[in-house]
file run_9.cif (mmCIF, C-alpha atoms (C1' of nucleotides))
data_model
#
loop_
_atom_site.label_atom_id
_atom_site.label_comp_id
_atom_site.auth_asym_id
_atom_site.auth_seq_id
_atom_site.Cartn_x
_atom_site.Cartn_y
_atom_site.Cartn_z
CA MET A 1 -28.96 -80.13 -15.27
CA ASN A 2 -32.21 -78.38 -14.58
CA ASP A 3 -33.90 -78.06 -17.93
CA VAL A 4 -37.38 -77.46 -16.54
CA LYS A 5 -39.22 -74.84 -18.54
CA LEU A 6 -40.82 -71.78 -17.05
CA THR A 7 -43.93 -72.37 -19.09
CA SER A 8 -44.46 -75.80 -17.59
CA THR A 9 -44.39 -74.34 -14.12
CA LEU A 10 -47.60 -74.39 -12.13
CA ALA A 11 -47.26 -70.78 -11.08
CA PHE A 12 -46.84 -69.59 -14.66
CA ARG A 13 -49.59 -71.78 -16.06
CA LEU A 14 -52.01 -70.85 -13.32
CA GLY A 15 -51.28 -67.24 -14.08
CA THR A 16 -51.81 -67.40 -17.83
CA LEU A 17 -54.78 -69.75 -17.69
CA GLY A 18 -56.29 -67.62 -14.95
CA ALA A 19 -55.94 -64.56 -17.14
CA ILE A 20 -57.61 -66.39 -20.02
CA ALA A 21 -60.43 -67.54 -17.77
CA THR A 22 -61.18 -64.09 -16.35
CA ASP A 23 -60.94 -62.57 -19.82
CA ARG A 24 -63.55 -64.94 -21.17
CA PHE A 25 -65.67 -64.54 -18.08
CA SER A 26 -65.53 -60.77 -18.54
CA ALA A 27 -66.67 -61.17 -22.12
CA ARG A 28 -69.68 -63.18 -21.02
CA LEU A 29 -70.48 -60.66 -18.32
CA ALA A 30 -70.24 -57.66 -20.61
CA PRO A 31 -73.86 -57.84 -21.88
CA HIS A 32 -75.01 -57.60 -18.25
CA ASP A 33 -72.83 -54.53 -17.78
CA LEU A 34 -70.84 -56.28 -15.05
CA LYS A 35 -67.23 -57.16 -14.33
CA PRO A 36 -65.97 -60.21 -12.44
CA LYS A 37 -65.52 -58.21 -9.25
CA HIS A 38 -69.13 -57.09 -9.32
CA VAL A 39 -70.23 -60.70 -9.46
CA GLY A 40 -67.75 -61.58 -6.74
CA LEU A 41 -69.39 -58.96 -4.55
CA LEU A 42 -72.85 -60.33 -5.29
CA SER A 43 -71.58 -63.76 -4.38
CA VAL A 44 -70.23 -62.51 -1.06
CA LEU A 45 -73.61 -61.01 -0.26
CA ALA A 46 -75.44 -64.19 -1.22
CA SER A 47 -73.22 -66.21 1.07
CA GLY A 48 -74.21 -63.96 3.96
CA ALA A 49 -70.63 -63.90 5.11
CA ALA A 50 -70.41 -60.13 5.31
CA ALA A 51 -72.61 -57.18 5.84
CA SER A 52 -70.62 -53.96 6.02
CA GLN A 53 -68.60 -52.69 3.12
CA LEU A 54 -65.40 -52.93 5.09
CA ASP A 55 -66.00 -56.61 5.82
CA ILE A 56 -66.65 -57.17 2.15
CA ALA A 57 -63.45 -55.40 1.23
CA LYS A 58 -61.46 -57.63 3.57
CA LEU A 59 -63.16 -60.78 2.29
CA MET A 60 -62.47 -59.80 -1.29
CA GLY A 61 -58.90 -58.75 -0.57
CA VAL A 62 -59.50 -55.34 -2.03
CA ALA A 63 -59.40 -51.68 -0.98
CA PRO A 64 -62.53 -50.34 0.73
CA SER A 65 -62.70 -47.55 -1.81
CA LEU A 66 -63.12 -50.13 -4.55
CA VAL A 67 -66.13 -51.64 -2.79
CA VAL A 68 -67.68 -48.20 -2.88
CA SER A 69 -67.56 -47.97 -6.64
CA LEU A 70 -68.63 -51.58 -7.13
CA ALA A 71 -71.58 -51.02 -4.82
CA ASP A 72 -72.40 -47.72 -6.55
CA HIS A 73 -72.70 -49.51 -9.84
CA LEU A 74 -74.69 -52.41 -8.46
CA GLU A 75 -77.02 -50.07 -6.60
CA ALA A 76 -77.56 -47.96 -9.71
CA MET A 77 -78.69 -51.03 -11.61
CA GLY A 78 -80.95 -52.16 -8.77
CA ALA A 79 -79.04 -55.29 -7.82
CA VAL A 80 -78.18 -54.15 -4.33
CA ARG A 81 -79.68 -52.01 -1.57
CA ARG A 82 -77.69 -49.77 0.75
CA LEU A 83 -78.96 -49.53 4.32
CA ARG A 84 -77.48 -47.57 7.19
CA ASP A 85 -77.08 -49.91 10.14
CA PRO A 86 -79.36 -48.32 12.78
CA ALA A 87 -77.13 -49.73 15.54
CA ASP A 88 -74.04 -48.09 14.08
CA ARG A 89 -74.85 -45.44 11.59
CA ARG A 90 -71.36 -45.37 10.14
CA ARG A 91 -71.93 -48.82 8.72
CA GLN A 92 -73.47 -49.29 5.34
CA THR A 93 -75.02 -52.74 5.06
CA LEU A 94 -75.51 -54.12 1.58
CA THR A 95 -78.28 -56.54 0.74
CA LEU A 96 -79.18 -58.38 -2.45
CA THR A 97 -82.39 -57.40 -4.15
CA ASP A 98 -84.42 -60.02 -5.98
CA GLU A 99 -83.05 -58.64 -9.19
CA GLY A 100 -79.53 -58.93 -7.78
CA SER A 101 -79.84 -62.57 -6.86
CA ALA A 102 -81.41 -63.33 -10.23
CA LEU A 103 -78.42 -61.63 -11.82
CA LEU A 104 -76.08 -63.70 -9.70
CA THR A 105 -77.62 -66.98 -10.80
CA GLU A 106 -77.42 -65.86 -14.42
CA CYS A 107 -73.75 -65.07 -14.05
CA THR A 108 -73.13 -68.34 -12.24
CA THR A 109 -74.66 -70.34 -15.06
CA ALA A 110 -72.55 -68.31 -17.47
CA ALA A 111 -69.50 -69.37 -15.48
CA CYS A 112 -70.62 -72.99 -15.66
CA GLU A 113 -71.05 -72.78 -19.40
CA LEU A 114 -67.59 -71.32 -19.63
CA ASP A 115 -66.29 -74.19 -17.52
CA THR A 116 -67.57 -76.80 -19.92
CA GLU A 117 -66.20 -74.78 -22.80
CA LEU A 118 -62.76 -74.42 -21.26
CA THR A 119 -62.46 -78.03 -20.19
CA ALA A 120 -63.99 -79.61 -23.29
CA GLY A 121 -60.78 -81.53 -23.99
CA LEU A 122 -60.44 -83.10 -20.56
CA THR A 123 -61.52 -86.61 -19.65
CA PRO A 124 -64.08 -86.86 -16.83
CA THR A 125 -61.35 -88.23 -14.59
CA GLN A 126 -59.07 -85.29 -15.33
CA LEU A 127 -61.93 -82.89 -14.76
CA ASP A 128 -62.69 -84.40 -11.38
CA ALA A 129 -59.05 -84.26 -10.42
CA LEU A 130 -58.82 -80.63 -11.48
CA HIS A 131 -61.89 -79.71 -9.44
CA GLU A 132 -60.52 -81.46 -6.40
CA ALA A 133 -57.05 -79.96 -6.66
CA LEU A 134 -58.30 -76.41 -7.22
CA GLY A 135 -60.81 -76.81 -4.42
CA HIS A 136 -57.99 -77.81 -2.13
CA LEU A 137 -55.85 -74.88 -3.18
CA ALA A 138 -58.72 -72.44 -2.79
CA ALA A 139 -59.47 -73.69 0.71
CA GLU A 140 -55.83 -73.54 1.63
CA HIS A 141 -55.44 -69.96 0.54
CA GLY A 142 -58.47 -68.72 2.42
CA LEU A 143 -60.85 -68.42 -0.51
CA PRO A 144 -64.59 -68.95 0.00
CA ALA A 145 -65.88 -72.41 -0.74
CA MET B 1 -82.76 -75.97 -8.02
CA ASN B 2 -79.32 -74.97 -9.11
CA ASP B 3 -77.49 -74.09 -5.94
CA VAL B 4 -74.04 -74.28 -7.42
CA LYS B 5 -71.86 -71.49 -6.09
CA LEU B 6 -69.95 -69.08 -8.24
CA THR B 7 -66.88 -69.52 -6.10
CA SER B 8 -66.78 -73.24 -6.74
CA THR B 9 -66.74 -72.62 -10.46
CA LEU B 10 -63.59 -73.51 -12.36
CA ALA B 11 -63.53 -70.22 -14.21
CA PHE B 12 -63.76 -68.19 -11.02
CA ARG B 13 -61.25 -70.29 -9.11
CA LEU B 14 -58.79 -70.32 -11.96
CA GLY B 15 -59.09 -66.56 -12.07
CA THR B 16 -58.53 -65.90 -8.39
CA LEU B 17 -55.85 -68.54 -7.95
CA GLY B 18 -54.15 -67.29 -11.09
CA ALA B 19 -54.13 -63.79 -9.68
CA ILE B 20 -52.63 -65.07 -6.43
CA ALA B 21 -49.98 -67.02 -8.31
CA THR B 22 -48.87 -64.11 -10.48
CA ASP B 23 -48.90 -61.80 -7.47
CA ARG B 24 -46.57 -64.05 -5.57
CA PHE B 25 -44.45 -64.64 -8.62
CA SER B 26 -44.16 -60.88 -9.07
CA ALA B 27 -43.04 -60.54 -5.46
CA ARG B 28 -40.27 -63.07 -6.02
CA LEU B 29 -39.23 -61.36 -9.22
CA ALA B 30 -39.12 -57.90 -7.69
CA PRO B 31 -35.52 -58.18 -6.36
CA HIS B 32 -34.41 -58.91 -9.93
CA ASP B 33 -36.25 -55.83 -11.14
CA LEU B 34 -38.43 -57.94 -13.40
CA LYS B 35 -42.12 -58.57 -13.96
CA PRO B 36 -43.73 -61.81 -15.11
CA LYS B 37 -43.99 -60.59 -18.69
CA HIS B 38 -40.27 -59.88 -18.81
CA VAL B 39 -39.57 -63.46 -17.82
CA GLY B 40 -42.15 -64.65 -20.31
CA LEU B 41 -40.26 -62.82 -23.01
CA LEU B 42 -36.96 -64.36 -21.90
CA SER B 43 -38.63 -67.74 -22.00
CA VAL B 44 -39.85 -67.18 -25.55
CA LEU B 45 -36.33 -66.28 -26.60
CA ALA B 46 -34.86 -69.33 -24.89
CA SER B 47 -37.31 -71.58 -26.70
CA GLY B 48 -36.09 -70.22 -30.01
CA ALA B 49 -39.67 -70.00 -31.21
CA ALA B 50 -39.44 -66.38 -32.28
CA ALA B 51 -36.92 -63.89 -33.46
CA SER B 52 -38.54 -60.60 -34.42
CA GLN B 53 -40.40 -58.48 -31.93
CA LEU B 54 -43.62 -58.82 -33.86
CA ASP B 55 -43.43 -62.61 -33.71
CA ILE B 56 -42.83 -62.37 -30.00
CA ALA B 57 -45.82 -60.10 -29.57
CA LYS B 58 -48.05 -62.57 -31.38
CA LEU B 59 -46.71 -65.49 -29.37
CA MET B 60 -47.26 -63.66 -26.12
CA GLY B 61 -50.68 -62.40 -27.14
CA VAL B 62 -49.69 -58.84 -26.52
CA ALA B 63 -49.40 -55.54 -28.40
CA PRO B 64 -46.13 -55.01 -30.29
CA SER B 65 -45.63 -51.73 -28.48
CA LEU B 66 -45.49 -53.62 -25.20
CA VAL B 67 -42.69 -55.83 -26.49
CA VAL B 68 -40.76 -52.66 -27.19
CA SER B 69 -40.84 -51.53 -23.58
CA LEU B 70 -40.17 -55.01 -22.24
CA ALA B 71 -37.18 -55.34 -24.57
CA ASP B 72 -36.00 -51.84 -23.63
CA HIS B 73 -35.87 -52.81 -20.01
CA LEU B 74 -34.22 -56.17 -20.63
CA GLU B 75 -31.68 -54.61 -22.93
CA ALA B 76 -30.87 -51.90 -20.40
CA MET B 77 -30.07 -54.54 -17.82
CA GLY B 78 -27.99 -56.54 -20.26
CA ALA B 79 -30.24 -59.59 -20.48
CA VAL B 80 -30.99 -59.21 -24.16
CA ARG B 81 -29.29 -57.95 -27.30
CA ARG B 82 -31.02 -56.10 -30.11
CA LEU B 83 -29.75 -56.84 -33.59
CA ARG B 84 -31.01 -55.46 -36.86
CA ASP B 85 -31.68 -58.36 -39.18
CA PRO B 86 -29.24 -57.76 -42.08
CA ALA B 87 -31.64 -59.52 -44.46
CA ASP B 88 -34.52 -57.23 -43.47
CA ARG B 89 -33.39 -54.18 -41.65
CA ARG B 90 -36.84 -53.36 -40.35
CA ARG B 91 -36.71 -56.42 -38.17
CA GLN B 92 -35.18 -56.25 -34.74
CA THR B 93 -34.03 -59.69 -33.67
CA LEU B 94 -33.69 -60.25 -29.96
CA THR B 95 -31.19 -62.71 -28.53
CA LEU B 96 -30.50 -63.82 -24.99
CA THR B 97 -27.18 -62.83 -23.51
CA ASP B 98 -25.44 -65.18 -21.07
CA GLU B 99 -26.63 -62.94 -18.31
CA GLY B 100 -30.15 -63.15 -19.70
CA SER B 101 -30.27 -66.92 -19.73
CA ALA B 102 -28.76 -67.04 -16.25
CA LEU B 103 -31.52 -64.70 -15.15
CA LEU B 104 -34.11 -66.93 -16.78
CA THR B 105 -32.94 -70.02 -14.92
CA GLU B 106 -32.97 -68.07 -11.66
CA CYS B 107 -36.53 -66.98 -12.27
CA THR B 108 -37.53 -70.49 -13.29
CA THR B 109 -36.21 -71.94 -10.05
CA ALA B 110 -38.05 -69.17 -8.22
CA ALA B 111 -41.22 -70.33 -9.96
CA CYS B 112 -40.51 -73.92 -8.93
CA GLU B 113 -40.02 -72.89 -5.32
CA LEU B 114 -43.29 -71.03 -5.50
CA ASP B 115 -44.92 -74.15 -6.91
CA THR B 116 -43.92 -76.26 -3.95
CA GLU B 117 -45.03 -73.48 -1.63
CA LEU B 118 -48.42 -73.11 -3.27
CA THR B 119 -49.12 -76.82 -3.49
CA ALA B 120 -47.75 -77.79 -0.07
CA GLY B 121 -51.12 -79.13 1.02
CA LEU B 122 -51.69 -81.41 -1.97
CA THR B 123 -51.04 -85.12 -2.03
CA PRO B 124 -48.54 -86.31 -4.69
CA THR B 125 -51.44 -87.84 -6.58
CA GLN B 126 -53.37 -84.58 -6.57
CA LEU B 127 -50.25 -82.72 -7.64
CA ASP B 128 -49.71 -85.05 -10.58
CA ALA B 129 -53.33 -84.71 -11.59
CA LEU B 130 -53.14 -80.94 -11.40
CA HIS B 131 -50.02 -80.88 -13.55
CA GLU B 132 -51.62 -83.12 -16.12
CA ALA B 133 -54.89 -81.21 -16.26
CA LEU B 134 -53.24 -77.80 -16.51
CA GLY B 135 -50.82 -79.11 -19.12
CA HIS B 136 -53.77 -80.31 -21.16
CA LEU B 137 -55.56 -76.99 -20.83
CA ALA B 138 -52.43 -75.05 -21.75
CA ALA B 139 -51.87 -77.16 -24.85
CA GLU B 140 -55.50 -76.84 -25.84
CA HIS B 141 -55.46 -73.07 -25.62
CA GLY B 142 -52.33 -72.64 -27.67
CA LEU B 143 -49.88 -71.94 -24.89
CA PRO B 144 -46.24 -72.99 -25.20
CA ALA B 145 -45.34 -76.31 -23.64
"C1'" DC C 1 -70.53 -34.58 30.27
"C1'" DC C 2 -66.66 -33.09 27.00
"C1'" DT C 3 -62.75 -33.89 24.72
"C1'" DT C 4 -59.86 -37.09 22.21
"C1'" DA C 5 -59.18 -40.97 19.51
"C1'" DA C 6 -60.79 -44.61 16.56
"C1'" DT C 7 -63.87 -46.39 12.76
"C1'" DC C 8 -66.62 -46.43 8.44
"C1'" DG C 9 -67.72 -44.76 4.06
"C1'" DT C 10 -66.56 -41.69 0.45
"C1'" DT C 11 -63.87 -38.86 -2.73
"C1'" DC C 12 -59.99 -37.92 -5.41
"C1'" DA C 13 -55.35 -37.77 -7.17
"C1'" DC C 14 -52.31 -40.92 -8.65
"C1'" DT C 15 -49.85 -45.37 -10.25
"C1'" DT C 16 -49.57 -49.34 -13.21
"C1'" DG C 17 -50.17 -52.16 -17.14
"C1'" DC C 18 -51.68 -52.19 -21.31
"C1'" DT C 19 -53.75 -50.79 -25.94
"C1'" DG C 20 -54.30 -48.33 -30.45
"C1'" DA C 21 -53.34 -44.66 -33.50
"C1'" DA C 22 -49.66 -41.90 -35.62
"C1'" DT C 23 -44.71 -41.80 -37.43
"C1'" DG C 24 -40.44 -43.06 -39.64
"C1'" DA C 25 -37.62 -46.36 -41.69
"C1'" DT C 26 -37.23 -50.10 -44.70
"C1'" DA C 27 -38.88 -53.52 -48.03
"C1'" DT C 28 -41.75 -55.26 -51.93
"C1'" DC C 29 -44.56 -55.09 -55.98
"C1'" DG C 30 -46.29 -53.23 -60.26
"C1'" DC D 1 -39.47 -45.35 -60.16
"C1'" DG D 2 -43.77 -44.85 -57.36
"C1'" DA D 3 -47.27 -46.89 -54.46
"C1'" DT D 4 -48.10 -49.82 -50.78
"C1'" DA D 5 -47.19 -52.86 -47.05
"C1'" DT D 6 -44.45 -54.12 -42.94
"C1'" DC D 7 -41.70 -53.52 -38.64
"C1'" DA D 8 -40.27 -50.92 -34.66
"C1'" DT D 9 -41.08 -47.00 -31.97
"C1'" DT D 10 -43.42 -43.23 -29.66
"C1'" DC D 11 -47.14 -41.23 -27.47
"C1'" DA D 12 -51.66 -40.18 -25.73
"C1'" DG D 13 -55.10 -42.37 -23.31
"C1'" DC D 14 -57.96 -46.04 -21.02
"C1'" DA D 15 -59.19 -49.34 -17.18
"C1'" DA D 16 -58.44 -51.08 -12.76
"C1'" DG D 17 -56.98 -50.43 -8.55
"C1'" DT D 18 -54.54 -48.15 -4.44
"C1'" DG D 19 -53.73 -44.85 -0.65
"C1'" DA D 20 -54.12 -40.52 1.48
"C1'" DA D 21 -57.28 -37.12 2.84
"C1'" DC D 22 -62.01 -35.79 4.68
"C1'" DG D 23 -66.74 -35.83 6.98
"C1'" DA D 24 -69.74 -38.28 9.80
"C1'" DT D 25 -70.32 -41.19 13.53
"C1'" DT D 26 -69.07 -43.84 17.62
"C1'" DA D 27 -66.21 -45.22 21.67
"C1'" DA D 28 -63.11 -44.22 25.51
"C1'" DG D 29 -60.95 -41.44 29.26
"C1'" DG D 30 -60.93 -38.12 32.62
#
call {"tool": "encode", "arguments": {"input": "run_9.cif", "output": "structure tokens"}}
result
Amino acid sequence: MNDVKLTSTLAFRLGTLGAIATDRFSARLAPHDLKPKHVGLLSVLASGAAASQLDIAKLMGVAPSLVVSLADHLEAMGAVRRLRDPADRRRQTLTLTDEGSALLTECTTAACELDTELTAGLTPTQLDALHEALGHLAAEHGLPA
Amino acid sequence: MNDVKLTSTLAFRLGTLGAIATDRFSARLAPHDLKPKHVGLLSVLASGAAASQLDIAKLMGVAPSLVVSLADHLEAMGAVRRLRDPADRRRQTLTLTDEGSALLTECTTAACELDTELTAGLTPTQLDALHEALGHLAAEHGLPA
DNA sequence: CCTTAATCGTTCACTTGCTGAATGATATCG
DNA sequence: CGATATCATTCAGCAAGTGAACGATTAAGG
């Protein structure tokens, strides 16, 4: 009756292809001494959508303690500055340094290169459709544009 | 110049959406006391593409030692049988029990339900396009059909 | 004011998922 | 027969992330 295969399921394919994508992205990030979450944090800062570490944690869907270690690393390499909010001195506001935003654009172009590599076998029409569908899904699940 | 955002990158979106998908799939599998990789193993067995644990490990892109623990768990719950290959008694051939294949179809329908839930906001055209594009990508990167 | 409760960042112990190096059993080749 | 390779298994350990404390700060109530 229902001979649909697990492997042809969207959920399963999204999962495995997503793992492949982040693996390869990690590999490209390795020379910069960064992991995908570091770059995600830089991207949040660049978007200006969050200031305090707690806000960032919520936006990234991650524990606040993880933001601490990500920020530690980024600060140590000079990509990010930590500033106590003078209005509320509990808050730690993170800002991109010039070096940090340069790093972000490097990593973004790396992601673009990876995109063309991953989708080399797709027709332009398929590629457009994929972009549109994933964009829709991302928006629908509360991910940043 | 290049104001493309990291978050609109295919690699990044595939990664985050893939993580969301496997998270939700895990949640649906939890009542069955299974993880995605367990179901992946069941699916490999059902496809008949592999017999020995080493073959399975290669197909799944995973360390042989992981297959051991996955098979341990599946065997303990009666979903899988371990049989020494009489022709080569080093080999452990895994076979699905009736209970195992029943479990697989349950998990597959769970994945299908999740699919419709995840893609509720897509038009039928977009959904078709997504299926086609992901199918292409999966084939291209050596994943089972 | 002064106490009590909430909030933010940080640390740390711990869980989870996975790998890679031994080990033992079996098979193959010279 | 002896040397070597192969398969499954075990085990120690790594990487990523969480959650429960804790200190510092702020806000709220009397």
call {"tool": "resolve_selection", "arguments": {"input": "run_9.cif", "expression": "the PyMOL selection byres ((chain B) within 8 of (chain C))", "output": "ChimeraX atom specification"}}
result
/B:63,66,88-90
call {"tool": "write_last_selection", "arguments": {"input": "run_9.cif", "atoms": "C-alpha atoms", "output": "CSV table (one decimal), in the coordinates of the input"}}
result
chain,number,residue,atom,x,y,z
B,63,ALA,CA,-49.4,-55.5,-28.4
B,66,LEU,CA,-45.5,-53.6,-25.2
B,88,ASP,CA,-34.5,-57.2,-43.5
B,89,ARG,CA,-33.4,-54.2,-41.6
B,90,ARG,CA,-36.8,-53.4,-40.4
call {"tool": "residues_around", "arguments": {"input": "run_9.cif", "residues": "range 25-39 of chain B", "least_positions_apart": "3", "cutoff": "8 Å", "atoms": "only C-alpha atoms (C1' of nucleotides)", "output": "ChimeraX atom specification"}}
result
/A:11 /B:21-22,42-43,70-71,74,104,107,110-111,114
call {"tool": "atom_distance", "arguments": {"input": "run_9.cif", "atom1": "CA of Thr9 in chain A", "atom2": "CA of Ala139 in chain A"}}
result
21.2 Å
call {"tool": "residues_around", "arguments": {"input": "run_9.cif", "residues": "DA8 in chain D", "least_positions_apart": "2", "cutoff": "9 Å", "atoms": "all atoms listed in the file", "output": "ChimeraX atom specification"}}
result
/B:53-54,64-65,68,90-92 /C:25
call {"tool": "resolve_selection", "arguments": {"input": "run_9.cif", "expression": "the PyMOL selection byres ((chain D) within 9 of (chain B))", "output": "ChimeraX atom specification"}}
result
/D:6-10
call {"tool": "write_last_selection", "arguments": {"input": "run_9.cif", "atoms": "C-alpha atoms (C1' of nucleotides)", "output": "PDB file, in the coordinates of the input"}}
result
ATOM      1  C1'  DT D   6     -44.450 -54.120 -42.940  1.00  0.00           C
ATOM      2  C1'  DC D   7     -41.700 -53.520 -38.640  1.00  0.00           C
ATOM      3  C1'  DA D   8     -40.270 -50.920 -34.660  1.00  0.00           C
ATOM      4  C1'  DT D   9     -41.080 -47.000 -31.970  1.00  0.00           C
ATOM      5  C1'  DT D  10     -43.420 -43.230 -29.660  1.00  0.00           C
TER       6       DT D  10
END
call {"tool": "resolve_selection", "arguments": {"input": "run_9.cif", "expression": "the PyMOL selection byres ((chain B) within 6 of (chain A))", "output": "list in words"}}
result
Leu6, Leu10, Ala11, Leu14, Gly15, Gly18, Ala21, Thr22, Thr108, Asp115, Gln126, Ala129, Leu130 and Ala133 of chain B
call {"tool": "decode", "arguments": {"input": "run_9.cif", "residues": "range 86-100 of chain A", "atoms": "N, CA and C atoms", "output": "compact mmCIF listing (two decimals), in the first residue's frame"}}
result
# COMPACT_ATOMS: atom_id res chain seq x y z
N PRO A 86 26.17 51.05 29.68
CA PRO A 86 26.22 51.98 30.81
C PRO A 86 24.85 52.16 31.45
N ALA A 87 23.78 51.97 30.67
CA ALA A 87 22.43 52.13 31.21
C ALA A 87 22.01 50.94 32.07
N ASP A 88 22.58 49.79 31.78
CA ASP A 88 22.29 48.59 32.59
C ASP A 88 23.55 47.74 32.61
N ARG A 89 24.27 47.89 33.68
CA ARG A 89 25.62 47.34 33.67
C ARG A 89 25.68 45.83 33.80
N ARG A 90 24.49 45.18 33.84
CA ARG A 90 24.53 43.72 33.75
C ARG A 90 24.73 43.32 32.29
N ARG A 91 24.21 44.12 31.41
CA ARG A 91 24.22 43.78 29.99
C ARG A 91 25.61 43.93 29.38
N GLN A 92 25.92 42.95 28.55
CA GLN A 92 27.16 42.98 27.80
C GLN A 92 26.77 43.16 26.33
N THR A 93 27.05 44.30 25.76
CA THR A 93 26.70 44.50 24.36
C THR A 93 27.87 44.16 23.47
N LEU A 94 27.61 43.36 22.46
CA LEU A 94 28.64 42.94 21.52
C LEU A 94 28.56 43.78 20.26
N THR A 95 29.71 44.19 19.77
CA THR A 95 29.75 44.93 18.51
C THR A 95 30.83 44.35 17.62
N LEU A 96 30.58 44.39 16.31
CA LEU A 96 31.55 43.93 15.33
C LEU A 96 32.70 44.91 15.23
N THR A 97 33.91 44.41 15.20
CA THR A 97 35.04 45.25 14.83
C THR A 97 35.17 45.24 13.32
N ASP A 98 36.03 46.09 12.79
CA ASP A 98 36.26 46.08 11.35
C ASP A 98 36.75 44.71 10.91
N GLU A 99 37.65 44.17 11.72
CA GLU A 99 38.18 42.85 11.40
C GLU A 99 37.06 41.82 11.40
N GLY A 100 36.13 41.97 12.36
CA GLY A 100 35.02 41.02 12.44
C GLY A 100 34.13 41.08 11.22
